[in-house]
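A.B. asks: Got a structure for you, written out below as structure tokens; questions coming shortly.
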Amino acid sequence: MQAYFIEFANFMLRWLHVIAAIAWIGESIYFVMLDNGLRPPKAAEDREKGVFGEMWAVHGGGFYHNQKYATAPAKLPNDLHWSFWKAYTTWLTGFALFVILYMVNPGFYLVNPGSDWEWAANLTGWQANLLALAFLLLGWVVYNELCKRISPNMERDGLLSIAVAIMMVVVAYLSTQMFSGRAAFLLTGAVMATAMSANVFFWIIPGQRRMVKAMKAGETPNPLDGKRGKQRSVHNTYFTLPVVLLMISNHYSFAYSHEHAWVLMTLFIFAGALIRQYFVLMHQGKIRPAYPVVGVALILVAFWAGMPATSSAPSGAQTAGSGPDITEVKALIDQHCVACHSQSPTQPGFSAPPAGLMYDDIEQILLQKDRIQQVVESGYMPLGNMTNMTEEERAVIQAWTE
């Protein structure tokens, strides 16, 4: 029953997390489109009131007239709308999911026993949990310091973009060395998602509150608050597509179990940012097809780099048909895999087979042959090698022919 309760809580939290993320990301993308699509106001009275830009739109059978002020209007309405709870809800539910799915059983999901770094491979569960929390915190601290030191007044945002891109390459590499493959992808996405939420919490909303307070006091708002809010909002929109991809990556083992998973991860991050850049510029009336072309090219490079080798037979196989038969392989799968991947798992913490994959009979095993060989060869499965699968046993599965 405990496993069922955890899984049900996971189900409901994931639902709420996805809903909040859709609302937040949708609103963020809309406001970037609105901000970049503004045109100078045509009415003289609007210009005199300090209107910086406007947009006319039609949606849902109605017409809308959006206006943006250069700093602030002469008088604020009492029903001013704020946008922040969607961001906070997305992060809080995402972190709760991380606790339930990964931190409750860190030795199973976080520790990377195949790490090239001996200390990372030998982490205990509580050490892995602390390291994961530190990873998220330091990711935000480093990103925030880059923003503050490189472009404090938004005068060197191009250089800042390069610095953040380099930071994400480093984060991708470190995560794959310190954590298991699936957790590495998730934590890299979580570093960006944490920066996005923290941008809202520490910079965007406080700056807006200072502007509102100044207006109510009859003072002129500090324009830097608006510029900083805009800077962090723009960063958030570039993080959006990579974060979404990394959050759904745990369903695709070819990426996180690859020998150079951090390279694939980096290619996906840059591809998402470049594709998002195309739409940001498009809303400004600038069509730059080079951005999505390069983005798609990076995805194709990732596809090529992640492609499983087929040119040579695995160790232990001499000729086609001479490797171990399915009976021998099934015995190993029964020993090392079926405790989790079964219609009725016996491994504590599982009320259903992970990813819905079941290896109870030969037909089910044959359907997942390529997946089984891939994750076993990479060392990703069994998770944490909790069943102590030997290299000889891995070689048998790699040498298996149908």
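Labels for the structure tokens follow display order: chains A, B, ..., residues from 1 in each chain, ligands from 1.
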Could you list, as a ChimeraX atom specification, every residue within 12 Å of Ala184 in chain A, counting only C-alpha atoms and ignoring same-chain residues fewer than 2 positions away?

C.D. replies: /A:102,109-112,115,128,131-132,135-136,171-182,186-191,246-247,249-250,255-258,261-262,265

A.B. asks: Take the selection from the previous step and output its residues with N, CA and C atoms, as a CSV table (one decimal), in the first residue's frame.

C.D. replies:
chain,number,residue,atom,x,y,z
A,102,TYR,N,13.1,10.6,-6.5
A,102,TYR,CA,14.5,10.4,-6.5
A,102,TYR,C,15.1,10.5,-5.1
A,109,TYR,N,18.2,5.8,-7.6
A,109,TYR,CA,17.9,6.8,-8.7
A,109,TYR,C,19.0,7.9,-8.9
A,110,LEU,N,19.8,8.2,-7.9
A,110,LEU,CA,20.7,9.3,-8.0
A,110,LEU,C,22.1,8.9,-8.2
A,111,VAL,N,22.6,7.9,-7.4
A,111,VAL,CA,24.0,7.5,-7.5
A,111,VAL,C,24.3,6.9,-8.8
A,112,ASN,N,25.5,7.3,-9.3
A,112,ASN,CA,26.0,6.8,-10.6
A,112,ASN,C,27.2,5.9,-10.3
A,115,SER,N,30.3,6.0,-12.7
A,115,SER,CA,31.0,7.3,-12.9
A,115,SER,C,32.5,7.1,-13.0
A,128,ALA,N,24.3,11.6,-1.8
A,128,ALA,CA,23.7,11.9,-3.1
A,128,ALA,C,22.6,13.0,-3.0
A,131,LEU,N,24.2,16.3,-2.3
A,131,LEU,CA,24.9,16.8,-3.5
A,131,LEU,C,23.9,17.3,-4.5
A,132,ALA,N,22.7,16.7,-4.7
A,132,ALA,CA,21.7,17.1,-5.6
A,132,ALA,C,21.2,18.5,-5.2
A,135,PHE,N,23.7,21.1,-5.9
A,135,PHE,CA,23.8,21.3,-7.3
A,135,PHE,C,22.8,22.3,-7.8
A,136,LEU,N,21.6,22.2,-7.3
A,136,LEU,CA,20.5,23.1,-7.7
A,136,LEU,C,20.8,24.5,-7.2
A,171,VAL,N,27.4,22.5,-16.6
A,171,VAL,CA,26.4,21.8,-15.8
A,171,VAL,C,26.1,20.4,-16.4
A,172,ALA,N,25.9,20.4,-17.7
A,172,ALA,CA,25.6,19.1,-18.3
A,172,ALA,C,26.7,18.1,-18.1
A,173,TYR,N,27.9,18.5,-18.2
A,173,TYR,CA,29.0,17.5,-18.0
A,173,TYR,C,29.1,17.1,-16.5
A,174,LEU,N,29.0,18.0,-15.6
A,174,LEU,CA,29.1,17.6,-14.2
A,174,LEU,C,28.0,16.7,-13.8
A,175,SER,N,26.8,17.0,-14.2
A,175,SER,CA,25.6,16.2,-13.8
A,175,SER,C,25.8,14.8,-14.2
A,176,THR,N,26.3,14.5,-15.5
A,176,THR,CA,26.4,13.2,-15.9
A,176,THR,C,27.5,12.4,-15.2
A,177,GLN,N,28.4,13.1,-14.7
A,177,GLN,CA,29.5,12.5,-13.9
A,177,GLN,C,29.1,12.2,-12.5
A,178,MET,N,28.3,13.1,-11.9
A,178,MET,CA,28.0,12.9,-10.5
A,178,MET,C,26.7,12.1,-10.2
A,179,PHE,N,25.8,12.1,-11.2
A,179,PHE,CA,24.5,11.4,-11.0
A,179,PHE,C,24.2,10.4,-12.1
A,180,SER,N,23.3,9.5,-11.8
A,180,SER,CA,22.9,8.5,-12.8
A,180,SER,C,22.3,9.3,-14.0
A,181,GLY,N,22.3,8.6,-15.2
A,181,GLY,CA,21.9,9.3,-16.4
A,181,GLY,C,20.6,10.0,-16.4
A,182,ARG,N,19.5,9.3,-15.9
A,182,ARG,CA,18.2,9.9,-16.0
A,182,ARG,C,18.1,11.1,-15.0
A,186,LEU,N,17.5,15.3,-15.6
A,186,LEU,CA,16.5,15.9,-14.8
A,186,LEU,C,17.1,17.1,-14.1
A,187,LEU,N,18.2,16.9,-13.4
A,187,LEU,CA,18.8,17.9,-12.6
A,187,LEU,C,19.4,19.1,-13.4
A,188,THR,N,19.8,18.8,-14.6
A,188,THR,CA,20.3,19.9,-15.5
A,188,THR,C,19.1,20.8,-15.9
A,189,GLY,N,18.0,20.1,-16.2
A,189,GLY,CA,16.7,20.9,-16.5
A,189,GLY,C,16.3,21.6,-15.2
A,190,ALA,N,16.5,21.0,-14.1
A,190,ALA,CA,16.0,21.6,-12.8
A,190,ALA,C,16.9,22.8,-12.5
A,191,VAL,N,18.2,22.8,-12.8
A,191,VAL,CA,19.0,24.0,-12.6
A,191,VAL,C,18.4,25.2,-13.4
A,246,LEU,N,14.2,18.4,-21.3
A,246,LEU,CA,14.9,17.6,-20.3
A,246,LEU,C,14.0,17.0,-19.3
A,247,MET,N,12.9,17.6,-19.1
A,247,MET,CA,11.9,17.0,-18.1
A,247,MET,C,11.2,15.8,-18.7
A,249,SER,N,12.8,13.8,-20.8
A,249,SER,CA,13.8,12.9,-21.3
A,249,SER,C,13.9,11.5,-20.6
A,250,ASN,N,13.3,11.5,-19.4
A,250,ASN,CA,13.5,10.2,-18.6
A,250,ASN,C,12.7,9.1,-19.2
A,255,ALA,N,19.2,8.5,-24.8
A,255,ALA,CA,19.9,9.8,-24.5
A,255,ALA,C,20.6,9.7,-23.2
A,256,TYR,N,19.9,9.4,-22.1
A,256,TYR,CA,20.6,9.5,-20.8
A,256,TYR,C,21.6,8.3,-20.5
A,257,SER,N,21.5,7.2,-21.3
A,257,SER,CA,22.4,6.1,-21.1
A,257,SER,C,23.5,6.1,-22.0
A,258,HIS,N,23.6,7.1,-22.9
A,258,HIS,CA,24.7,7.1,-23.9
A,258,HIS,C,26.0,7.4,-23.2
A,261,ALA,N,26.5,11.2,-22.8
A,261,ALA,CA,25.1,11.8,-22.6
A,261,ALA,C,25.2,13.3,-22.5
A,262,TRP,N,26.2,13.8,-21.9
A,262,TRP,CA,26.3,15.3,-21.7
A,262,TRP,C,26.4,16.0,-23.0
A,265,MET,N,22.9,16.1,-24.4
A,265,MET,CA,22.2,17.0,-23.6
A,265,MET,C,22.5,18.5,-24.1

A.B. asks: If we count only C-alpha atoms, what is near Met154 in chain A at a cut-off of 8 Å, once residues fewer than 5 positions away on the same chain are taken out, given as JSON, numbers by chain?

C.D. replies: {"A": [227, 228, 231]}

A.B. asks: With C-alpha atoms retained, could you export that selection as a PDB file, in the first residue's frame?

C.D. replies:
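Full text of again_21.pdb as output:
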ATOM      1  CA  LYS A 227      15.127  46.613 -17.487  1.00  0.00           C
ATOM      2  CA  ARG A 228      16.288  43.935 -15.054  1.00  0.00           C
ATOM      3  CA  GLN A 231      16.405  40.793 -18.897  1.00  0.00           C
TER       4      GLN A 231
END

A.B. asks: Closest to Gly323 in chain A among A:Ser351, A:Ile397, A:Lys86, A:Ile162, using only C-alpha atoms?

C.D. replies: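 Among the listed residues, the smallest separation from Gly323 in chain A belongs to A:Ile397.
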
A.B. asks: Would you mind telling me which residue in A:Met358, A:Glu393, A:Leu241, A:Ala271 lies nearest to Ile29 in chain A when using only C-alpha atoms?

C.D. replies: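 Of A:Met358, A:Glu393, A:Leu241, A:Ala271, the one nearest Ile29 in chain A, counting only C-alpha atoms, is A:Leu241.
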
A.B. asks: Run DSSP on the backbone and tell me which residues of range 182-212 of chain A come out as alpha helix (DSSP H); list them as a list in words.

C.D. replies: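 The residues of range 182-212 of chain A classed as alpha helix (DSSP H) are Arg182, Ala183, Ala184, Phe185, Leu186, Leu187, Thr188, Gly189, Ala190, Val191, Met192, Ala193, Thr194, Ala195, Met196, Ser197, Ala198, Ile205, Pro206, Gly207, Gln208, Arg209, Arg210, Met211 and Val212 of chain A.
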
A.B. asks: Selection from above, N, CA and C atoms, as a PDB file, in the first residue's frame, can you write it?

C.D. replies:
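Result saved to again.pdb:
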ATOM      1  N   ARG A 182      19.524   9.308 -15.945  1.00  0.00           N
ATOM      2  CA  ARG A 182      18.200   9.918 -15.951  1.00  0.00           C
ATOM      3  C   ARG A 182      18.146  11.092 -14.982  1.00  0.00           C
ATOM      4  N   ALA A 183      18.741  10.937 -13.816  1.00  0.00           N
ATOM      5  CA  ALA A 183      18.769  12.021 -12.832  1.00  0.00           C
ATOM      6  C   ALA A 183      19.603  13.194 -13.344  1.00  0.00           C
ATOM      7  N   ALA A 184      20.662  12.913 -14.104  1.00  0.00           N
ATOM      8  CA  ALA A 184      21.517  13.980 -14.633  1.00  0.00           C
ATOM      9  C   ALA A 184      20.735  14.888 -15.570  1.00  0.00           C
ATOM     10  N   PHE A 185      19.953  14.283 -16.470  1.00  0.00           N
ATOM     11  CA  PHE A 185      19.142  15.085 -17.388  1.00  0.00           C
ATOM     12  C   PHE A 185      18.119  15.904 -16.603  1.00  0.00           C
ATOM     13  N   LEU A 186      17.481  15.257 -15.629  1.00  0.00           N
ATOM     14  CA  LEU A 186      16.470  15.946 -14.843  1.00  0.00           C
ATOM     15  C   LEU A 186      17.078  17.105 -14.062  1.00  0.00           C
ATOM     16  N   LEU A 187      18.221  16.880 -13.425  1.00  0.00           N
ATOM     17  CA  LEU A 187      18.838  17.915 -12.600  1.00  0.00           C
ATOM     18  C   LEU A 187      19.359  19.076 -13.445  1.00  0.00           C
ATOM     19  N   THR A 188      19.848  18.791 -14.636  1.00  0.00           N
ATOM     20  CA  THR A 188      20.279  19.882 -15.509  1.00  0.00           C
ATOM     21  C   THR A 188      19.079  20.754 -15.876  1.00  0.00           C
ATOM     22  N   GLY A 189      17.965  20.109 -16.210  1.00  0.00           N
ATOM     23  CA  GLY A 189      16.748  20.874 -16.465  1.00  0.00           C
ATOM     24  C   GLY A 189      16.286  21.609 -15.225  1.00  0.00           C
ATOM     25  N   ALA A 190      16.456  20.982 -14.059  1.00  0.00           N
ATOM     26  CA  ALA A 190      16.032  21.612 -12.808  1.00  0.00           C
ATOM     27  C   ALA A 190      16.886  22.827 -12.461  1.00  0.00           C
ATOM     28  N   VAL A 191      18.170  22.811 -12.850  1.00  0.00           N
ATOM     29  CA  VAL A 191      19.013  23.983 -12.636  1.00  0.00           C
ATOM     30  C   VAL A 191      18.440  25.177 -13.400  1.00  0.00           C
ATOM     31  N   MET A 192      18.051  24.939 -14.656  1.00  0.00           N
ATOM     32  CA  MET A 192      17.459  26.020 -15.448  1.00  0.00           C
ATOM     33  C   MET A 192      16.095  26.421 -14.894  1.00  0.00           C
ATOM     34  N   ALA A 193      15.285  25.429 -14.517  1.00  0.00           N
ATOM     35  CA  ALA A 193      13.951  25.727 -13.982  1.00  0.00           C
ATOM     36  C   ALA A 193      14.045  26.494 -12.664  1.00  0.00           C
ATOM     37  N   THR A 194      15.040  26.148 -11.833  1.00  0.00           N
ATOM     38  CA  THR A 194      15.250  26.865 -10.579  1.00  0.00           C
ATOM     39  C   THR A 194      15.651  28.308 -10.854  1.00  0.00           C
ATOM     40  N   ALA A 195      16.522  28.512 -11.846  1.00  0.00           N
ATOM     41  CA  ALA A 195      16.912  29.873 -12.222  1.00  0.00           C
ATOM     42  C   ALA A 195      15.698  30.657 -12.709  1.00  0.00           C
ATOM     43  N   MET A 196      14.824  30.000 -13.468  1.00  0.00           N
ATOM     44  CA  MET A 196      13.626  30.676 -13.979  1.00  0.00           C
ATOM     45  C   MET A 196      12.719  31.129 -12.835  1.00  0.00           C
ATOM     46  N   SER A 197      12.444  30.227 -11.898  1.00  0.00           N
ATOM     47  CA  SER A 197      11.576  30.585 -10.771  1.00  0.00           C
ATOM     48  C   SER A 197      12.235  31.613  -9.862  1.00  0.00           C
ATOM     49  N   ALA A 198      13.538  31.444  -9.642  1.00  0.00           N
ATOM     50  CA  ALA A 198      14.256  32.396  -8.794  1.00  0.00           C
ATOM     51  C   ALA A 198      14.321  33.772  -9.444  1.00  0.00           C
ATOM     52  N   ILE A 205       9.502  40.106  -9.668  1.00  0.00           N
ATOM     53  CA  ILE A 205       8.420  40.573  -8.794  1.00  0.00           C
ATOM     54  C   ILE A 205       8.896  41.656  -7.822  1.00  0.00           C
ATOM     55  N   PRO A 206      10.050  41.518  -7.142  1.00  0.00           N
ATOM     56  CA  PRO A 206      10.506  42.619  -6.277  1.00  0.00           C
ATOM     57  C   PRO A 206      10.684  43.931  -7.031  1.00  0.00           C
ATOM     58  N   GLY A 207      11.219  43.862  -8.255  1.00  0.00           N
ATOM     59  CA  GLY A 207      11.376  45.074  -9.045  1.00  0.00           C
ATOM     60  C   GLY A 207      10.035  45.710  -9.362  1.00  0.00           C
ATOM     61  N   GLN A 208       9.054  44.875  -9.701  1.00  0.00           N
ATOM     62  CA  GLN A 208       7.733  45.401  -9.997  1.00  0.00           C
ATOM     63  C   GLN A 208       7.091  46.004  -8.745  1.00  0.00           C
ATOM     64  N   ARG A 209       7.312  45.381  -7.604  1.00  0.00           N
ATOM     65  CA  ARG A 209       6.754  45.919  -6.355  1.00  0.00           C
ATOM     66  C   ARG A 209       7.380  47.279  -6.033  1.00  0.00           C
ATOM     67  N   ARG A 210       8.687  47.432  -6.265  1.00  0.00           N
ATOM     68  CA  ARG A 210       9.334  48.725  -6.023  1.00  0.00           C
ATOM     69  C   ARG A 210       8.773  49.802  -6.955  1.00  0.00           C
ATOM     70  N   MET A 211       8.495  49.409  -8.204  1.00  0.00           N
ATOM     71  CA  MET A 211       7.931  50.368  -9.152  1.00  0.00           C
ATOM     72  C   MET A 211       6.536  50.808  -8.710  1.00  0.00           C
ATOM     73  N   VAL A 212       5.719  49.859  -8.274  1.00  0.00           N
ATOM     74  CA  VAL A 212       4.375  50.187  -7.814  1.00  0.00           C
ATOM     75  C   VAL A 212       4.431  51.056  -6.558  1.00  0.00           C
TER      76      VAL A 212
END

A.B. asks: What's the 12 Å shell around Ala23 in chain A, counting only C-alpha atoms, without same-chain residues fewer than 3 positions away, as a list in words?

C.D. replies: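 Returned residues: Leu16, His17, Val18, Ile19, Ala20, Gly26, Glu27, Ser28, Ile29, Tyr30, Ser83, Phe84, Trp85, Lys86, Ala87, Tyr88, Thr89 and Thr90 of chain A.
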
A.B. asks: Could you work out how far CA of Val376 in chain A lies from CA of Phe8 in chain A, giving the answer in Å with one decimal?

C.D. replies: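 Here the two named atoms are 29.0 Å from each other.
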
A.B. asks: If I take CA of His65 in chain A and CA of Asn236 in chain A, how far is one from the other in Å, to one decimal?

C.D. replies: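 Spanning CA of His65 in chain A to CA of Asn236 in chain A is a straight-line distance of 25.4 Å.
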
A.B. asks: Set the distance at 12 Å and use only C-alpha atoms: which residues neighbour range 67-74 of chain A once local chain neighbours fewer than 4 positions away are removed? I'd like the list as a PyMOL selection string.

C.D. replies: chain A and resi 31+34-43+46-57+208+210-227

A.B. asks: Tell me, as a list in words, which residues lie within 12 Å of Leu366 in chain A, counting only C-alpha atoms; anything in the same chain fewer than 2 positions away does not count.

C.D. replies: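 Once the nearby chain positions are removed, what remains is Asp325, Ile326, Thr327, Val329, Lys330, Ile333, Leu357, Met358, Tyr359, Asp360, Asp361, Ile362, Glu363, Gln364, Gln368, Lys369, Asp370, Arg371, Ile372, Gln373, Trp400, Thr401 and Glu402 of chain A.
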
A.B. asks: Output N, CA and C atoms for every residue in the selection just made, as a PDB file, in the first residue's frame.

C.D. replies:
ATOM      1  N   ASP A 325      21.323 -18.037 -26.523  1.00  0.00           N
ATOM      2  CA  ASP A 325      19.939 -18.054 -26.970  1.00  0.00           C
ATOM      3  C   ASP A 325      19.031 -17.400 -25.931  1.00  0.00           C
ATOM      4  N   ILE A 326      17.776 -17.287 -26.265  1.00  0.00           N
ATOM      5  CA  ILE A 326      16.825 -16.550 -25.441  1.00  0.00           C
ATOM      6  C   ILE A 326      16.620 -17.197 -24.076  1.00  0.00           C
ATOM      7  N   THR A 327      16.789 -18.504 -24.000  1.00  0.00           N
ATOM      8  CA  THR A 327      16.595 -19.187 -22.716  1.00  0.00           C
ATOM      9  C   THR A 327      17.622 -18.720 -21.694  1.00  0.00           C
ATOM     10  N   VAL A 329      19.341 -15.913 -21.818  1.00  0.00           N
ATOM     11  CA  VAL A 329      19.118 -14.498 -21.552  1.00  0.00           C
ATOM     12  C   VAL A 329      17.946 -14.306 -20.600  1.00  0.00           C
ATOM     13  N   LYS A 330      16.883 -15.070 -20.795  1.00  0.00           N
ATOM     14  CA  LYS A 330      15.712 -14.931 -19.924  1.00  0.00           C
ATOM     15  C   LYS A 330      16.066 -15.252 -18.478  1.00  0.00           C
ATOM     16  N   ILE A 333      17.574 -12.170 -17.115  1.00  0.00           N
ATOM     17  CA  ILE A 333      16.562 -11.123 -16.938  1.00  0.00           C
ATOM     18  C   ILE A 333      15.675 -11.442 -15.747  1.00  0.00           C
ATOM     19  N   LEU A 357       7.134  -1.343 -18.694  1.00  0.00           N
ATOM     20  CA  LEU A 357       7.890  -2.414 -19.357  1.00  0.00           C
ATOM     21  C   LEU A 357       7.878  -3.669 -18.498  1.00  0.00           C
ATOM     22  N   MET A 358       7.408  -4.771 -19.083  1.00  0.00           N
ATOM     23  CA  MET A 358       7.325  -6.047 -18.371  1.00  0.00           C
ATOM     24  C   MET A 358       8.101  -7.112 -19.135  1.00  0.00           C
ATOM     25  N   TYR A 359       8.873  -7.901 -18.397  1.00  0.00           N
ATOM     26  CA  TYR A 359       9.693  -8.958 -19.003  1.00  0.00           C
ATOM     27  C   TYR A 359       9.345 -10.318 -18.410  1.00  0.00           C
ATOM     28  N   ASP A 360       8.055 -10.560 -18.205  1.00  0.00           N
ATOM     29  CA  ASP A 360       7.627 -11.808 -17.579  1.00  0.00           C
ATOM     30  C   ASP A 360       7.733 -13.011 -18.508  1.00  0.00           C
ATOM     31  N   ASP A 361       7.647 -12.773 -19.814  1.00  0.00           N
ATOM     32  CA  ASP A 361       7.731 -13.908 -20.727  1.00  0.00           C
ATOM     33  C   ASP A 361       8.618 -13.563 -21.918  1.00  0.00           C
ATOM     34  N   ILE A 362       8.925 -14.559 -22.720  1.00  0.00           N
ATOM     35  CA  ILE A 362       9.863 -14.397 -23.829  1.00  0.00           C
ATOM     36  C   ILE A 362       9.349 -13.396 -24.859  1.00  0.00           C
ATOM     37  N   GLU A 363       8.060 -13.404 -25.141  1.00  0.00           N
ATOM     38  CA  GLU A 363       7.512 -12.477 -26.132  1.00  0.00           C
ATOM     39  C   GLU A 363       7.737 -11.030 -25.714  1.00  0.00           C
ATOM     40  N   GLN A 364       7.518 -10.729 -24.440  1.00  0.00           N
ATOM     41  CA  GLN A 364       7.739  -9.370 -23.947  1.00  0.00           C
ATOM     42  C   GLN A 364       9.217  -8.991 -24.032  1.00  0.00           C
ATOM     43  N   GLN A 368      11.377  -5.899 -26.543  1.00  0.00           N
ATOM     44  CA  GLN A 368      12.227  -4.839 -25.996  1.00  0.00           C
ATOM     45  C   GLN A 368      13.708  -5.179 -26.103  1.00  0.00           C
ATOM     46  N   LYS A 369      14.068  -6.043 -27.053  1.00  0.00           N
ATOM     47  CA  LYS A 369      15.446  -6.520 -27.140  1.00  0.00           C
ATOM     48  C   LYS A 369      16.459  -5.379 -27.241  1.00  0.00           C
ATOM     49  N   ASP A 370      16.241  -4.464 -28.178  1.00  0.00           N
ATOM     50  CA  ASP A 370      17.198  -3.380 -28.391  1.00  0.00           C
ATOM     51  C   ASP A 370      17.336  -2.504 -27.157  1.00  0.00           C
ATOM     52  N   ARG A 371      16.197  -2.200 -26.521  1.00  0.00           N
ATOM     53  CA  ARG A 371      16.224  -1.368 -25.320  1.00  0.00           C
ATOM     54  C   ARG A 371      16.987  -2.068 -24.196  1.00  0.00           C
ATOM     55  N   ILE A 372      16.732  -3.357 -24.020  1.00  0.00           N
ATOM     56  CA  ILE A 372      17.401  -4.111 -22.958  1.00  0.00           C
ATOM     57  C   ILE A 372      18.907  -4.117 -23.180  1.00  0.00           C
ATOM     58  N   GLN A 373      19.331  -4.406 -24.407  1.00  0.00           N
ATOM     59  CA  GLN A 373      20.759  -4.456 -24.690  1.00  0.00           C
ATOM     60  C   GLN A 373      21.413  -3.100 -24.473  1.00  0.00           C
ATOM     61  N   TRP A 400      23.694 -11.700 -27.196  1.00  0.00           N
ATOM     62  CA  TRP A 400      22.456 -12.422 -27.460  1.00  0.00           C
ATOM     63  C   TRP A 400      21.949 -12.171 -28.881  1.00  0.00           C
ATOM     64  N   THR A 401      21.568 -13.244 -29.542  1.00  0.00           N
ATOM     65  CA  THR A 401      20.939 -13.152 -30.860  1.00  0.00           C
ATOM     66  C   THR A 401      19.545 -13.749 -30.766  1.00  0.00           C
ATOM     67  N   GLU A 402      18.704 -13.378 -31.687  1.00  0.00           N
ATOM     68  CA  GLU A 402      17.318 -13.880 -31.656  1.00  0.00           C
ATOM     69  C   GLU A 402      17.218 -15.290 -32.209  1.00  0.00           C
TER      70      GLU A 402
END

A.B. asks: In terms of the shortest atom-to-atom distance over only C-alpha atoms, which of A:Trp126, A:Phe63, A:Phe202, A:Tyr380 is closest to Phe254 in chain A?

C.D. replies: A:Tyr380

A.B. asks: Between A:Met307, A:Leu160, A:Val338, A:Ala134, single out the one closest to Pro382 in chain A, counting only C-alpha atoms.

C.D. replies: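 Ranked by minimum distance to Pro382 in chain A, first place goes to A:Val338.
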